[in-house]
Every structure is written in structure tokens, then in C-alpha cells.
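These notes concern the structure reproduced below.
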Amino acid sequence: MTFSVLLQSIISGMLVGGVYALIGIGLTIIFGVMRVINFAHGDIMMVGMYLTFFLFTLLGIDPFVSVLITMPLMFLFGALMQKVFINRVLSALPQNQILLTIGLGLIMSNSAMLAFTSDYKILTTSYSSSSYSLGGISISQPLLISFLITCAITVGLYWFLMRTDTGQAIRATAQDREAAQLMGINVKWMSILSFGIGSAMAGTAGALIAPTYYIFPQVGSAFTLKAFVITVLGGMGSIIGATLGGIIIGLVESVSAVTISSEWKDVVVFAIFLLVLLIKPSGLMGKSRL
Amino acid sequence: MLTINKLNFSYGDMQVLWNIDLAVHEGEIVTVVGANGSGKSTTLKNISRLVAPQSGNIDFQGENINSLESHQVVERGLVQVPEGRKIFPEMTVLENLRMGSFIKSARPTREANVERVFTMFPRLKERQKQLGGTMSGGEQQMLAIARGLMTNPKLLLLDEPSLGLSPLFVKIIFEIIQEINKQGVTILLVEQNVFQSLKISDRAYVLETGRIVLSGTGSELLSNDHVKKAFLGM
Ligand SMILES: Nc1ncnc2c1ncn2[C@@H]1O[C@H](COP(=O)(O)OP(=O)(O)OP(=O)(O)O)[C@@H](O)[C@H]1O
Ligand SMILES: [Mg+2]
């Protein structure tokens, strides 16, 4: 293996990691505000993938452009899910919340199976396999574009949370729900907003990987697990942690696939995950909150 | 201004408030004193609608607020500074204060109110960039009161503001409460520091195991035998 192959895998790992980060950020916002682990997260992402697929095949909208449609639609989808289902179990036992989100995820993946069969779908654009080459290293064009979009979204979200009143109110709700209520913050509304944002992040991640992944109804479960690993690795509830976690997982997967073998990449990911938790049980960014 | 009529409340099947009758008139400082677990905080939580009253009426400025949500109560000008301060730990002092003026009606006066509370609590001004969670207990109490003032309250509920503070801080807090009241904010105070709080109160209630057993003016209760025995160790 040459140095350039290694460098190549580091770069593509980073690029994929950016999208992982987006999935992790979504999960961490939902957890931070509601203390609910969203086991339907990957399935929400799957919905985003199908949405992107059909916008492309039926209406001819480029997958990266269709983010502009997918993101608000997935926001509404998540907000509705929170309002109708999850708001009811916020003070219920954790196992009930887990069952509810798992159930919602199953409904989504099985509905997708009913509607679209379990066939693998592939979204091929004119640039799906084109790449830029830079000193002997080739950078996949769709991966690079999706990474840039991810960066823009992450920066935008961070700005929203830190610099706007509504963003600060979401953070306040995450840090002390009762105190937030006493400041006149409508915490139910903040929960709806947060689940909407979390779903928009997952759905957008789905849109961004649609041109490079197989699209099928069960694609979500692997990503739910991945999102969970990313957020725990980074520290539950920390956005910076989830960003870091996503990029680390992307890097580890990619580098271990070329240095060891792609069958072993998940083993390496989980070995590193366990190692980090052994050294720092609360995750990389500790217990910091939104 | 605030009228509570036959309020009953239970946690699960354990009833903790029994037929509470309580009134606060505009401009007053009213104190509720009572031993640990007597139901003081629960009474305030009912008023702020953090929990739902089981029966009875809570009226604020002539409006029944039983069916309002907690954020709507705040919008009416009824604001609580909770027991244990409940500062947003990962926000700076300034961000905590700005959250205090989250409601629409408080936004226009936000900057003026920041200046006002900084004059009242110079220590907060010095530490405006410090994270709330790293402030000392006394500083957090100041911040909690200041954050409450940022909402432009008409009636401020204070739950044990002197709890765990050194004598110097206790003195400062009681002076501040009087100053806030002079500026036109009505106060409903819950305290275990019975002597200090009765001294500054217009009227007071004694709560025992969820029932109001005594009420009167501050000075009446200070010279009441039962109060002397139960709370002042005389
Ligand atoms: N969330 C809860 N669930 C069940 N019981 C509760 C809850 N909160 C309070 N209680 C009980 O209700 C009773 C009244 O509690 P409350 O907090 O109102 O007392 P308090 O007068 O404020 O006491 P303290 O001076 O210690 O703050 C206590 O017996 C307490 O154990
Ligand atoms: Mg109490």
C-alpha cells in the first residue's frame, strides 16, 4: 500500500465522516432537549433517501439541489412525529420511549417496503463517478459536494443555536427544562422544533448519501446504530462531540478498510469506540450539553 | 392581585396540599414559612403551573390561571425564581440574563434591564462572561433573581433565596428583595429564615404539613407564641 492510497482513504473518510456527523448531530439535539434516544433516526434518514430518489427520477431534480426541498419536508415530518407521538411519552419510562421510537422506525421501514418493495435502488447522476484529481489523489465529486453542504449546514445550525433567541431557548430547554418553563419558554414547542431539526439533519444526510449508497427500506437500521455510536463517542448531547465523532468514525472506517480489510472495518470502529469509553466514559466532549 | 382558593394537590396518591387559601395584594411582600416538606415549593409550583392543581382556584389579576400553561403564566407577569437557583449551567451569565427576557413583552427592555440588574448586582457585571454553572452559590442566587427580573415581573415568587448562603449574602439578598419591592414588584417569598423574612414582610402565612395554620402581619407572627416555639427556638 502506498502513501497516496492511505492519503486517499483519509480524505474520503473525512468526507464521509462529515455526513455521519450530520446524522449524529441530529440524534444529539433530540437527545439533548428531550432525553429521548431516537431509535427511528436511521429510518428517518431512509425516508430522506427515498424522497431524494423520487425527486430525481420523477421530477429530475438534482439530489444536491433537492436538499432544499428535502430538508424542510423532513423538518415538518419530524415536527409532526414529535407533536403527535413523542410529546406524549416525554415523562414516561425510558423503556416506553425506546419502544415507541423503535415502533415508529419499523412502521417507516415496513411502509417503504410495501410501497417500493425491498429492491435496492441506485441513484445515478451524470457526476456519480466523476472525481477531481489532485496530485495523484482523486476526490469523488459527489462526496466533496456533500461534505461542503454538510459544513454549511453545521455552521448554520451552530449559529442558530448560539446566536438567536429561539436557538438559545432550545439550549436552555436542554440544560434545565423546568427553569426554561419559568422563563416563559414553551418547552413543548421547543421539543417539536428540536425533533424537527434532528429529523431535518437525518433526512438531509440521507439526501446527501443517496447518490453514493444503495437505497432500500432497511438501510436505516445500520445508520441508527452508527448515529448512536457517534453521539456516545462524542458525548451525548454535545454538538461538537457529534461532529468530532462522525468524522472519527468516517476516518476509522475508511482507513481500516484499506489497511486491514473492509470486512474488519466495523470491528475496528467498535474497538476504538470501546477504548474511548474505557478511558473517558462520558465520551470525548464529556457531559457537556447543547 | 393573586388569590388562591381551596387549592388541593397530590403527588400520585399522596396529598401534600390541603385547602390552601392565600392572597397577595399589589405592592406587598408576603411570606410563607414552614418546615421542610411542608409544601412551600409545591404551592409555588402550582402557581407557576409546573404542576396542575387538583382542585381549587388560582386567580391572578382577576384571571383564572388554572388552565394556563407555565409559559403563559410568565407572560402574564407572574414569575418564579425557583429553589436551588436552576441557572443554565452551560450558558454565560449574560446569556442567562438574556434568556430571562425571552418572552416577547420583555424583549424591548432587554438591554435596559441588563444595565439595571448590573447596577443592582455589580458582581454579575464583572462576571458576565463566566459560565453559570461555575458561579458560586451566592452568585448563582443573585443571577437567578436578576434573571427573574429580566422578565419584567409584576409578581415575583422567590423560593428560599437565602438557602445555603453565608450571613453576608443573606443580608444582601434580603436588602435586594426590599429594593425590588420598592421599585414596584409585588413579592411572594418562601423562606426558612423565618426571623429575617417576617421582619420585611407585610403579611405572612405559616404552612404545616400542607395546611395553612396561621396567618397575620409580619410583626404579629413574630410575636406569636407558636411561631416563636416552632421556628425561632424561643
Ligand atoms: N416530585 C415529587 N414527587 C413526589 N413527592 C414530592 C415531589 N416533590 C415533593 N414531594 C413531597 O411533597 C411534600 C412537600 O414538598 P415541598 O418540596 O413542597 O416542600 P417544601 O416545603 O418546599 O420543603 P423544603 O423546605 O425542604 O424545600 C414533601 O413531603 C415531598 O417529599
Ligand atoms: Mg422547597
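Going through the C-alpha cells in order, the chains are called A, B, and so on, while each chain numbers its residues from 1 and the ligands are numbered from 1 in the order shown.
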>> as JSON, numbers by chain, please: the residues near region 224-232 of chain B (cut-off 12 Å, only C-alpha atoms, same-chain neighbours under 4 positions excluded).
In response: {"B": [33, 34, 35, 36, 191, 192, 193, 194, 195, 196, 197, 198, 204, 205, 206, 207, 208, 213, 214, 215, 216, 217, 218, 219, 220]}
> Quick one: residues within 6 Å of ligand 1, with only C-alpha atoms and all ligand atoms, as a list of chain:residue names?
Replying inline: B:Tyr11, B:Val16, B:Ala35, B:Asn36, B:Gly37, B:Ser38, B:Gly39, B:Lys40, B:Ser41, B:Thr42
For the selection you just gave me, I'd like the residues written to a file as an mmCIF file, in the first residue's frame, keeping N, CA and C atoms.
data_model
loop_
_atom_site.group_PDB
_atom_site.id
_atom_site.type_symbol
_atom_site.label_atom_id
_atom_site.label_comp_id
_atom_site.auth_asym_id
_atom_site.auth_seq_id
_atom_site.Cartn_x
_atom_site.Cartn_y
_atom_site.Cartn_z
ATOM 1 N N TYR B 11 -49.102 14.410 44.938
ATOM 2 C CA TYR B 11 -48.130 13.711 44.089
ATOM 3 C C TYR B 11 -48.566 12.255 44.090
ATOM 4 N N VAL B 16 -50.367 16.503 49.314
ATOM 5 C CA VAL B 16 -49.408 17.353 50.037
ATOM 6 C C VAL B 16 -49.947 18.755 50.295
ATOM 7 N N ALA B 35 -41.841 24.272 57.796
ATOM 8 C CA ALA B 35 -40.716 23.359 57.947
ATOM 9 C C ALA B 35 -40.428 22.652 56.616
ATOM 10 N N ASN B 36 -39.331 21.899 56.575
ATOM 11 C CA ASN B 36 -39.010 21.111 55.387
ATOM 12 C C ASN B 36 -40.156 20.167 55.056
ATOM 13 N N GLY B 37 -40.511 20.107 53.807
ATOM 14 C CA GLY B 37 -41.533 19.164 53.380
ATOM 15 C C GLY B 37 -42.947 19.604 53.694
ATOM 16 N N SER B 38 -43.134 20.849 54.123
ATOM 17 C CA SER B 38 -44.488 21.281 54.476
ATOM 18 C C SER B 38 -45.308 21.640 53.233
ATOM 19 N N GLY B 39 -44.650 21.790 52.080
ATOM 20 C CA GLY B 39 -45.401 22.023 50.850
ATOM 21 C C GLY B 39 -45.222 23.425 50.270
ATOM 22 N N LYS B 40 -44.186 24.137 50.709
ATOM 23 C CA LYS B 40 -43.980 25.507 50.226
ATOM 24 C C LYS B 40 -43.666 25.531 48.724
ATOM 25 N N SER B 41 -42.674 24.728 48.342
ATOM 26 C CA SER B 41 -42.294 24.718 46.924
ATOM 27 C C SER B 41 -43.432 24.199 46.063
ATOM 28 N N THR B 42 -44.153 23.212 46.568
ATOM 29 C CA THR B 42 -45.275 22.659 45.809
ATOM 30 C C THR B 42 -46.336 23.728 45.563
#
>> Residues of chain B within 10 Å of chain A, counting only C-alpha atoms, what are they? List them as a PyMOL selection string.
In response: chain B and resi 45+48-50+69-82+85-91+95-96+98-104+107+144+147-148+150-151
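Of the residues under consideration (B:Asp13, B:Asn57, B:Glu160, B:Arg116), B:Glu160 shows the shortest atom-to-atom contact distance to ligand 2 when counting only C-alpha atoms and all ligand atoms.
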> When you draw a straight line from CA of Pro142 (chain A) to CA of Pro211 (chain A), how long is it in Å?
Replying inline: 7.1 Å
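Neighbouring residues of Tyr213 (chain A) at 9 Å or closer, counting only C-alpha atoms and skipping chain neighbours under 2 positions away, are A:Lys121, A:Ile122, A:Leu123, A:Ile209, A:Ala210, A:Pro211, A:Ile215.
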Could you save the residues just selected, with C-alpha atoms, as a PDB file, in the first residue's frame?
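File again13.pdb, as written:
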ATOM      1  CA  LYS A 121     -32.375   1.334  -5.854  1.00  0.00           C
ATOM      2  CA  ILE A 122     -29.448   3.251  -7.216  1.00  0.00           C
ATOM      3  CA  LEU A 123     -29.475   6.952  -7.916  1.00  0.00           C
ATOM      4  CA  ILE A 209     -25.566   9.990   0.590  1.00  0.00           C
ATOM      5  CA  ALA A 210     -28.320   8.965  -1.829  1.00  0.00           C
ATOM      6  CA  PRO A 211     -26.020   9.380  -4.866  1.00  0.00           C
ATOM      7  CA  ILE A 215     -31.319   2.857  -1.309  1.00  0.00           C
TER       8      ILE A 215
END
>> Restricting the calculation to only C-alpha atoms: of A:Leu225, A:Leu59, A:Ile145, A:Leu90, which residue gets closest to Lys188 (chain A)?
In response: A:Leu90
> So which residues touch Met81 (chain A) within 10 Å, counting only C-alpha atoms, skipping near sequence neighbours fewer than 4 positions away, as a list in words?
Replying inline: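 Contacts, with the query itself left out: Phe75, Leu76, Phe77, Phe85, Ile86, Asn87, Thr101, Leu104, Ile192, Phe195, Gly196 and Ser199 of chain A.
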Keeping all heavy atoms for every residue in the selection just given, could you write it to a file as a compact mmCIF listing (two decimals), in the first residue's frame?
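Result written to part-v7.txt:
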# COMPACT_ATOMS: atom_id res chain seq x y z
N PHE A 75 -38.09 18.29 8.14
CA PHE A 75 -38.33 19.07 9.36
C PHE A 75 -39.80 18.91 9.77
O PHE A 75 -40.11 18.59 10.92
CB PHE A 75 -37.98 20.54 9.15
CG PHE A 75 -38.37 21.41 10.31
CD1 PHE A 75 -37.49 21.59 11.37
CD2 PHE A 75 -39.61 22.04 10.36
CE1 PHE A 75 -37.85 22.37 12.47
CE2 PHE A 75 -39.98 22.82 11.45
CZ PHE A 75 -39.10 22.99 12.50
N LEU A 76 -40.70 19.12 8.81
CA LEU A 76 -42.13 19.01 9.10
C LEU A 76 -42.49 17.59 9.54
O LEU A 76 -43.26 17.40 10.48
CB LEU A 76 -42.95 19.40 7.87
CG LEU A 76 -42.92 20.89 7.51
CD1 LEU A 76 -43.74 21.15 6.25
CD2 LEU A 76 -43.48 21.72 8.67
N PHE A 77 -41.90 16.62 8.86
CA PHE A 77 -42.14 15.21 9.18
C PHE A 77 -41.78 14.94 10.65
O PHE A 77 -42.56 14.38 11.41
CB PHE A 77 -41.29 14.35 8.23
CG PHE A 77 -41.47 12.88 8.41
CD1 PHE A 77 -42.60 12.23 7.94
CD2 PHE A 77 -40.49 12.11 9.04
CE1 PHE A 77 -42.75 10.86 8.08
CE2 PHE A 77 -40.63 10.74 9.19
CZ PHE A 77 -41.77 10.12 8.71
N PHE A 85 -46.76 11.98 18.50
CA PHE A 85 -46.39 10.79 19.28
C PHE A 85 -45.47 11.07 20.47
O PHE A 85 -45.79 10.74 21.61
CB PHE A 85 -45.71 9.75 18.39
CG PHE A 85 -46.57 9.30 17.24
CD1 PHE A 85 -46.29 9.72 15.95
CD2 PHE A 85 -47.65 8.46 17.46
CE1 PHE A 85 -47.08 9.30 14.89
CE2 PHE A 85 -48.44 8.03 16.40
CZ PHE A 85 -48.15 8.45 15.11
N ILE A 86 -44.33 11.66 20.20
CA ILE A 86 -43.26 11.66 21.21
C ILE A 86 -43.59 12.58 22.39
O ILE A 86 -43.25 12.27 23.52
CB ILE A 86 -41.92 12.01 20.55
CG1 ILE A 86 -41.80 11.19 19.28
CG2 ILE A 86 -40.76 11.79 21.53
CD1 ILE A 86 -40.60 10.47 18.99
N ASN A 87 -44.23 13.73 22.12
CA ASN A 87 -44.59 14.63 23.23
C ASN A 87 -45.40 13.91 24.31
O ASN A 87 -45.38 14.31 25.47
CB ASN A 87 -45.39 15.83 22.71
CG ASN A 87 -44.53 17.09 22.65
OD1 ASN A 87 -43.45 17.13 23.23
ND2 ASN A 87 -45.00 18.11 21.95
N THR A 101 -40.10 4.79 19.77
CA THR A 101 -39.29 5.21 18.62
C THR A 101 -38.92 4.00 17.76
O THR A 101 -38.92 4.10 16.53
CB THR A 101 -38.02 5.99 19.04
OG1 THR A 101 -37.25 5.19 19.93
CG2 THR A 101 -38.38 7.31 19.70
N LEU A 104 -42.00 3.33 15.68
CA LEU A 104 -42.16 4.29 14.58
C LEU A 104 -41.19 3.99 13.44
O LEU A 104 -41.55 4.07 12.26
CB LEU A 104 -41.94 5.72 15.11
CG LEU A 104 -43.05 6.27 16.02
CD1 LEU A 104 -42.60 7.56 16.69
CD2 LEU A 104 -44.32 6.50 15.23
N ILE A 192 -40.81 20.17 19.80
CA ILE A 192 -41.26 19.96 18.42
C ILE A 192 -40.21 20.49 17.44
O ILE A 192 -39.82 19.82 16.48
CB ILE A 192 -42.62 20.66 18.20
CG1 ILE A 192 -43.70 19.94 19.00
CG2 ILE A 192 -42.98 20.72 16.72
CD1 ILE A 192 -45.05 20.64 19.00
N PHE A 195 -37.08 18.15 17.48
CA PHE A 195 -37.26 16.90 16.74
C PHE A 195 -37.31 17.19 15.25
O PHE A 195 -36.80 16.42 14.43
CB PHE A 195 -38.52 16.16 17.19
CG PHE A 195 -38.38 14.67 17.08
CD1 PHE A 195 -38.02 13.92 18.17
CD2 PHE A 195 -38.58 14.02 15.87
CE1 PHE A 195 -37.85 12.54 18.07
CE2 PHE A 195 -38.41 12.66 15.74
CZ PHE A 195 -38.05 11.91 16.84
N GLY A 196 -37.91 18.33 14.91
CA GLY A 196 -37.92 18.74 13.51
C GLY A 196 -36.51 18.95 12.99
O GLY A 196 -36.14 18.45 11.92
N SER A 199 -34.65 15.64 12.70
CA SER A 199 -35.10 14.88 11.53
C SER A 199 -34.62 15.51 10.24
O SER A 199 -34.27 14.81 9.29
CB SER A 199 -36.62 14.81 11.51
OG SER A 199 -37.09 14.26 12.70
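Every protein or nucleic acid residue with an atom no more than 7 Å from Ile247 (chain A), counting only C-alpha atoms and leaving out same-chain residues fewer than 2 positions away, appears here: Met14, Gly17, Gly18, Tyr20, Ala21, Thr243, Leu244, Gly245, Ile249, Gly250 and Leu251 of chain A.
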>> To one decimal place in Å, what is the distance between CA of Val84 (chain A) and CA of Gln97 (chain A)?
In response: 13.6 Å
>> So that I can check the secondary structure, give me every residue of region 32-237 of chain A assigned strand (DSSP E or B) by backbone DSSP, as a list in words.
In response: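 After running DSSP on the backbone, region 32-237 of chain A has strand (DSSP E or B) at Lys121, Ser131, Tyr132, Ser133, Leu134, Ile137, Ser138, Ile139, Ser140 and Ile215 of chain A.
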Show which residues sit within 12 Å of Gly103 (chain A), as a short mmCIF file (atom, residue, chain, number, x, y, z; two decimals) with C-alpha atoms, in the first residue's frame. Count only C-alpha atoms, and ignore same-chain residues fewer than 5 positions away.
data_model
loop_
_atom_site.label_atom_id
_atom_site.label_comp_id
_atom_site.auth_asym_id
_atom_site.auth_seq_id
_atom_site.Cartn_x
_atom_site.Cartn_y
_atom_site.Cartn_z
CA ASN A 38 -34.47 8.32 18.78
CA PHE A 39 -34.24 4.73 17.55
CA ALA A 40 -36.08 5.77 14.38
CA HIS A 41 -33.23 8.08 13.39
CA ASP A 43 -35.32 5.25 9.27
CA PHE A 85 -46.39 10.79 19.28
CA ILE A 86 -43.26 11.66 21.21
CA ASN A 96 -41.58 3.07 26.80
CA GLN A 97 -39.88 5.86 24.87
CA ILE A 98 -37.47 3.36 23.34
CA MET A 108 -41.43 3.63 8.37
CA SER A 109 -39.23 0.85 7.03
CA ASN A 110 -42.13 -1.55 6.52
#
> Any idea what the distance is between CA of Leu143 (chain B) and CA of Val32 (chain B)?
Replying inline: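 One can read the CA of Leu143 (chain B) to CA of Val32 (chain B) distance as 22.6 Å.
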>> Could you check the closest approach to ligand 2 for each of B:Met1, B:Val117, B:Leu44, B:Leu94 and tell me which residue wins, using only C-alpha atoms and all ligand atoms?
In response: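 Nearest to ligand 2: B:Leu44.
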>> Could you pull out the alpha helix (DSSP H) residues of region 42-163 of chain B, going by DSSP on the backbone, and write them as number ranges by chain?
In response: B: 42-47, 70-75, 93-100, 110-120, 122-126, 137-149
>> Would you pick out the contacts of Thr57 (chain A) at 12 Å or less, using only C-alpha atoms, so that residues sharing its chain but fewer than 2 positions from it are not included, and give the list as a list in words?
In response: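 Non-adjacent residues within range: Tyr50, Leu51, Thr52, Phe53, Phe54, Leu55, Leu59, Gly60, Ile61, Asp62, Pro63, Ser66, Lys121, Ile122, Leu123, Thr124, Thr125 and Pro211 of chain A.
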Would you put the residues from that selection into a file with N, CA and C atoms, as a tab-separated table (two decimals), in the first residue's frame?
chain	number	residue	atom	x	y	z
A	50	TYR	N	-35.24	8.11	0.04
A	50	TYR	CA	-36.29	7.83	-0.96
A	50	TYR	C	-36.83	9.12	-1.56
A	51	LEU	N	-37.02	10.10	-0.69
A	51	LEU	CA	-37.52	11.39	-1.15
A	51	LEU	C	-36.60	11.94	-2.24
A	52	THR	N	-35.31	11.90	-1.95
A	52	THR	CA	-34.32	12.39	-2.90
A	52	THR	C	-34.37	11.58	-4.20
A	53	PHE	N	-34.49	10.24	-4.01
A	53	PHE	CA	-34.53	9.34	-5.17
A	53	PHE	C	-35.69	9.69	-6.10
A	54	PHE	N	-36.87	9.89	-5.50
A	54	PHE	CA	-38.04	10.14	-6.35
A	54	PHE	C	-38.05	11.56	-6.91
A	55	LEU	N	-37.54	12.51	-6.14
A	55	LEU	CA	-37.43	13.85	-6.70
A	55	LEU	C	-36.54	13.84	-7.93
A	59	LEU	N	-38.99	13.86	-11.04
A	59	LEU	CA	-39.03	15.28	-11.42
A	59	LEU	C	-37.69	15.78	-11.97
A	60	GLY	N	-36.71	14.91	-11.92
A	60	GLY	CA	-35.42	15.29	-12.47
A	60	GLY	C	-34.66	16.34	-11.67
A	61	ILE	N	-34.96	16.42	-10.38
A	61	ILE	CA	-34.25	17.42	-9.56
A	61	ILE	C	-32.95	16.81	-9.04
A	62	ASP	N	-31.87	17.51	-9.27
A	62	ASP	CA	-30.56	17.05	-8.83
A	62	ASP	C	-30.56	16.80	-7.32
A	63	PRO	N	-29.97	15.67	-6.86
A	63	PRO	CA	-30.04	15.34	-5.43
A	63	PRO	C	-29.49	16.45	-4.52
A	66	SER	N	-32.01	19.14	-4.44
A	66	SER	CA	-33.25	18.74	-3.77
A	66	SER	C	-33.14	18.79	-2.25
A	121	LYS	N	-32.30	0.33	-4.81
A	121	LYS	CA	-32.38	1.33	-5.85
A	121	LYS	C	-31.06	2.10	-5.89
A	122	ILE	N	-30.70	2.50	-7.08
A	122	ILE	CA	-29.45	3.25	-7.22
A	122	ILE	C	-29.76	4.56	-7.92
A	123	LEU	N	-29.25	5.63	-7.34
A	123	LEU	CA	-29.48	6.95	-7.92
A	123	LEU	C	-28.19	7.32	-8.66
A	124	THR	N	-28.26	7.31	-9.99
A	124	THR	CA	-27.05	7.62	-10.75
A	124	THR	C	-27.18	8.98	-11.42
A	125	THR	N	-26.28	9.86	-11.05
A	125	THR	CA	-26.27	11.17	-11.70
A	125	THR	C	-25.14	11.18	-12.71
A	211	PRO	N	-26.74	9.67	-3.62
A	211	PRO	CA	-26.02	9.38	-4.87
A	211	PRO	C	-24.89	8.38	-4.72
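Proximity ranking of A:Phe64, A:Phe31, A:Phe270, A:Trp264 relative to Ile149 (chain A) places A:Phe64 first, based on only C-alpha atoms.
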> Which is closest to Gln128 (chain B) among B:Ala112, B:Met142, B:Leu149, B:Leu97, if we use only C-alpha atoms?
Replying inline: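 Answer, going by the shortest atom-to-atom distance: B:Leu97.
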>> Could you check the closest approach to Met49 (chain A) for each of A:Val19, A:Leu275, A:Ala207, A:Leu27 and tell me which residue wins, using only C-alpha atoms?
In response: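 Of all the options, A:Ala207 lies closest to Met49 (chain A).
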